[in-house]
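The file input03.txt contains compact mmCIF, C-alpha atoms:
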```
# COMPACT_ATOMS: atom_id res chain seq x y z
CA MET G 8 17.21 -4.29 -6.75
CA GLN G 9 19.42 -7.31 -6.10
CA HIS G 10 19.27 -9.82 -8.95
CA PHE G 11 16.69 -7.68 -10.78
CA VAL G 12 17.76 -8.65 -14.31
CA TRP G 13 18.07 -12.33 -13.35
CA ASN G 14 14.58 -12.38 -11.82
CA LEU G 15 13.13 -10.48 -14.78
CA LYS G 16 14.63 -12.94 -17.26
CA VAL G 17 13.38 -15.93 -15.25
CA HIS G 18 9.90 -14.38 -15.27
CA LEU G 19 10.08 -13.77 -19.02
CA LEU G 20 11.53 -17.23 -19.74
CA ARG G 21 8.46 -18.83 -18.17
CA ARG G 22 6.17 -16.79 -20.44
CA LEU G 23 7.99 -17.22 -23.74
CA PRO G 24 7.06 -20.11 -26.04
CA GLY G 25 8.37 -23.32 -24.49
CA GLY G 26 8.41 -21.81 -20.99
CA ASP G 27 5.71 -24.20 -19.86
CA THR G 28 8.42 -26.87 -19.70
CA LEU G 29 9.69 -25.06 -16.57
CA ASN G 30 6.51 -25.85 -14.60
CA GLY G 31 7.58 -27.32 -11.28
CA VAL G 32 11.16 -26.03 -11.70
CA ASP G 33 12.21 -23.70 -8.90
CA ASP G 34 13.53 -20.26 -9.94
CA GLN G 35 16.90 -21.03 -8.33
CA ASP G 36 17.24 -24.13 -10.54
CA VAL G 37 17.05 -22.17 -13.81
CA THR G 38 20.48 -22.32 -15.44
CA PRO G 39 22.44 -19.37 -16.89
CA GLU G 40 22.39 -21.18 -20.25
CA GLN G 41 18.59 -21.12 -20.24
CA LEU G 42 18.55 -17.42 -19.41
CA GLU G 43 20.98 -16.64 -22.23
CA THR G 44 18.22 -17.54 -24.68
CA VAL G 45 16.03 -14.69 -23.33
CA ARG G 46 16.90 -11.56 -25.28
CA ILE G 47 15.55 -8.09 -24.58
CA VAL G 48 15.54 -6.06 -27.78
CA ASN G 49 18.27 -3.38 -27.57
CA ASN G 50 18.48 -4.05 -23.79
CA LYS G 51 15.76 -1.44 -23.23
CA MET G 52 12.91 -1.30 -20.75
CA TYR G 53 10.23 1.32 -21.25
CA THR G 54 8.76 2.78 -18.07
CA HIS G 55 5.16 3.90 -17.64
CA LYS G 56 3.44 6.11 -15.10
CA VAL G 57 0.02 4.43 -15.18
CA PHE G 58 -1.10 0.89 -16.03
CA ARG G 59 -4.68 0.52 -17.25
CA ILE G 60 -6.57 -2.76 -17.08
CA ASN G 61 -9.73 -3.46 -19.04
CA TYR G 62 -12.06 -6.09 -17.63
CA THR G 63 -15.63 -7.36 -17.75
CA THR G 64 -17.78 -7.09 -14.63
CA TYR G 65 -20.07 -9.82 -13.32
CA ASP G 66 -23.02 -8.18 -15.14
CA MET G 67 -21.14 -8.14 -18.48
CA ARG G 68 -20.20 -4.45 -18.51
CA LEU G 69 -16.80 -3.29 -19.71
CA GLU G 70 -14.83 -1.42 -17.06
CA GLN G 71 -11.34 -0.03 -16.69
CA ASP G 72 -9.11 0.26 -13.66
CA SER G 73 -5.71 1.87 -13.32
CA ILE G 74 -2.61 1.30 -11.23
CA ASN G 75 -0.47 4.32 -10.41
CA PRO G 76 2.56 3.63 -8.18
CA ARG G 77 2.79 7.28 -7.16
CA THR G 78 -0.74 7.78 -5.88
CA HIS G 79 -2.17 4.32 -5.03
CA PRO G 80 0.61 1.73 -5.16
CA ASP G 81 -1.06 -1.07 -3.15
CA ILE G 82 -2.92 -3.78 -5.05
CA MET G 83 -4.70 -7.02 -4.23
CA MET G 84 -5.44 -9.97 -6.48
CA LEU G 85 -7.10 -13.35 -6.28
CA ALA G 86 -4.73 -16.08 -5.08
CA GLN G 87 -4.30 -19.38 -6.89
CA PRO G 88 -6.75 -22.09 -5.75
CA ASP G 89 -3.98 -24.04 -3.98
CA GLN G 90 -3.24 -20.94 -1.84
CA PHE G 91 -6.85 -20.44 -0.66
CA GLU G 92 -6.28 -22.36 2.58
CA GLN G 93 -4.38 -19.48 4.13
CA HIS G 94 -6.15 -16.51 2.50
CA PRO G 95 -8.01 -15.96 -0.80
CA PHE G 96 -6.07 -12.82 -1.80
CA LEU G 97 -2.49 -11.73 -2.45
CA TYR G 98 -1.31 -8.20 -1.65
CA ALA G 99 1.56 -6.20 -3.12
CA ARG G 100 2.96 -2.69 -3.52
CA VAL G 101 3.75 -1.71 -7.10
CA LEU G 102 7.25 -0.24 -7.35
CA GLY G 103 7.37 0.25 -11.10
CA LEU G 104 5.57 -0.31 -14.38
CA PHE G 105 7.30 -1.03 -17.66
CA HIS G 106 7.26 -3.06 -20.82
CA VAL G 107 10.00 -4.91 -22.66
CA ASN G 108 10.26 -6.37 -26.15
CA VAL G 109 11.55 -9.93 -25.76
CA TYR G 110 12.44 -12.83 -28.03
CA SER G 111 13.90 -16.27 -27.54
CA ALA G 112 17.25 -16.87 -29.22
CA GLY G 113 17.73 -20.20 -30.95
CA GLU G 114 20.80 -22.35 -31.51
CA ASP G 115 21.65 -20.86 -34.92
CA PRO G 116 24.25 -18.05 -34.50
CA THR G 117 22.81 -16.22 -37.53
CA GLY G 118 19.51 -15.76 -35.70
CA ALA G 119 17.53 -17.75 -38.26
CA ASP G 120 15.64 -19.70 -35.58
CA ASP G 121 14.97 -16.80 -33.20
CA THR G 122 11.34 -16.21 -32.26
CA GLU G 123 9.53 -13.00 -33.14
CA PRO G 124 9.80 -10.26 -30.47
CA GLN G 125 6.81 -10.03 -28.13
CA VAL G 126 5.78 -7.17 -25.88
CA PHE G 127 5.53 -8.04 -22.19
CA HIS G 128 4.02 -5.61 -19.69
CA VAL G 129 5.57 -6.06 -16.27
CA LEU G 130 4.60 -4.81 -12.82
CA TRP G 131 7.55 -4.77 -10.45
CA VAL G 132 6.12 -5.42 -6.99
CA ARG G 133 7.10 -5.96 -3.38
CA TRP G 134 4.89 -8.61 -1.78
CA PHE G 135 3.03 -8.43 1.51
CA ASP G 136 2.37 -11.40 3.80
CA LEU G 137 -0.47 -11.81 6.24
CA ASP G 138 0.57 -11.09 9.80
CA VAL G 139 -0.77 -14.24 11.46
CA ALA G 140 0.03 -12.88 14.94
CA ALA G 141 -2.83 -10.37 14.55
CA ARG G 142 -6.33 -11.75 14.25
CA GLY G 143 -8.44 -10.47 11.38
CA GLY G 144 -11.41 -11.33 9.24
CA PHE G 145 -15.19 -11.36 9.45
CA GLN G 146 -15.28 -13.15 12.80
CA THR G 147 -13.17 -10.47 14.50
CA CYS G 148 -14.67 -7.51 12.55
CA ARG G 149 -11.15 -6.34 11.69
CA LEU G 150 -9.16 -6.16 8.51
CA HIS G 151 -6.24 -8.54 8.21
CA ARG G 152 -2.91 -6.99 9.12
CA LEU G 153 -0.10 -7.19 6.57
CA ARG G 154 3.67 -7.08 6.80
CA TRP G 155 6.44 -7.03 4.24
CA ALA G 156 7.24 -10.48 2.90
CA PRO G 157 10.84 -11.52 3.49
CA PRO G 158 13.06 -11.16 0.42
CA GLU G 159 13.17 -14.32 -1.68
CA ASP G 160 16.98 -14.25 -1.73
CA SER G 161 17.31 -15.02 1.99
```
Structure rendered as structure tokens:
Amino acid sequence: MQHFVWNLKVHLLRRLPGGDTLNGVDDQDVTPEQLETVRIVNNKMYTHKVFRINYTTYDMRLEQDSINPRTHPDIMMLAQPDQFEQHPFLYARVLGLFHVNVYSAGEDPTGADDTEPQVFHVLWVRWFDLDVAARGGFQTCRLHRLRWAPPEDS
């Protein structure tokens, strides 16, 4: 829970209009002044018990999957192409599901140049890393072993 609001606002800042200018900027280099422009409407987060995802299968059928942190909290997702060298997937445990209404505040104190509020659905996760000390994969006929990723703050 350390730095939760800071990390949430950094995440939202990158997804708001104009956030693409932060590409290549490390999260620790984001300034407090930049984060002050991220406004959560009424400072409220709305929690959810289940997150449903609609997707299209390889044979063009519509399917739905759900994420429930109470019953099946572990998820896996495809890694970015630059991360494929180590392993093609990322693994995480979902700690919470919520949505926030967010807008970007402009320079005008009257709020005339604020952006319209947008709804952002957020999964709060704790990441796993591959345990490279244990062999895994098709060659060894064993699943890869995972361990908790070290906190990003250390």
Exercise. What does the distance from CA of Trp131 (chain G) to CA of Ala156 (chain G) come to in Å, to one decimal?
Worked result: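 Between CA of Trp131 (chain G) and CA of Ala156 (chain G) the gap is 14.5 Å.
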Exercise. Which protein, DNA or RNA residues have an atom at most 10 Å from (9.0, -1.4, -21.5), counting all atoms listed in the file? List them as a ChimeraX atom specification.
Worked result: /G:47,51-55,104-109,126-129
Exercise. In terms of the shortest atom-to-atom distance over all atoms listed in the file, which of G:Ala112, G:Lys56, G:Glu123, G:Asp136 is closest to Leu153 (chain G)?
Worked result: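 Closest to Leu153 (chain G) of all the choices is G:Asp136.
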Problem set entry | Point (17.7, -17.6, -22.8), cut-off 9 Å, counting all atoms listed in the file, residues as JSON, numbers by chain | {"G": [16, 17, 20, 39, 40, 41, 42, 43, 44, 45, 46, 110, 111, 112, 113]}
Is it possible to get the axis-aligned box enclosing region 39-53 of chain G (all listed atoms, 4 Å extra per side) as AutoDock Vina command-line options, with centre and edge lengths in Å rounded to one decimal?
```
--center_x 16.3 --center_y -9.9 --center_z -22.3 --size_x 20.2 --size_y 30.5 --size_z 18.9
```
Problem set entry | Counting only C-alpha atoms, the option among G:Cys148, G:Leu19, G:Val139, G:Leu130 closest to Arg100 (chain G) |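 Residue with the minimum atom-to-atom distance to Arg100 (chain G): G:Leu130.
Atom pair CA of Val12 (chain G) / CA of Leu102 (chain G): separated by 15.2 Å.
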Please provide the set of residues having any atom within 7 Å of Arg154 (chain G), restricted to all atoms listed in the file, with same-chain residues fewer than 5 positions apart removed, written as a CSV table (one decimal) with C-alpha atoms, in the frame of the given file.
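Below is the file result05.csv, written as the result:
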```csv
chain,number,residue,atom,x,y,z
G,135,PHE,CA,3.0,-8.4,1.5
G,136,ASP,CA,2.4,-11.4,3.8
G,137,LEU,CA,-0.5,-11.8,6.2
G,138,ASP,CA,0.6,-11.1,9.8
```
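For the residues G:Arg21, G:Arg59, G:Phe145, G:Ala99, ranking by smallest atom-to-atom distance to Leu85 (chain G) using all atoms listed in the file places G:Ala99 first.
We find CA of Thr122 (chain G) and CA of Thr38 (chain G) to be spaced 20.1 Å apart.
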Exercise. Do you know which residues are at most 9 Å from Asn61 (chain G) counting only C-alpha atoms, after dropping those on the same chain fewer than 5 positions away, and could you put them as number ranges by chain?
Worked result: G: 69-73
For this session: Determine the nearest neighbour of Ile82 (chain G) from the options G:Met67, G:Gly26, G:Trp134, G:Gln9, counting only C-alpha atoms.
Result: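 Of G:Met67, G:Gly26, G:Trp134, G:Gln9, the one nearest Ile82 (chain G) is G:Trp134, counting only C-alpha atoms.
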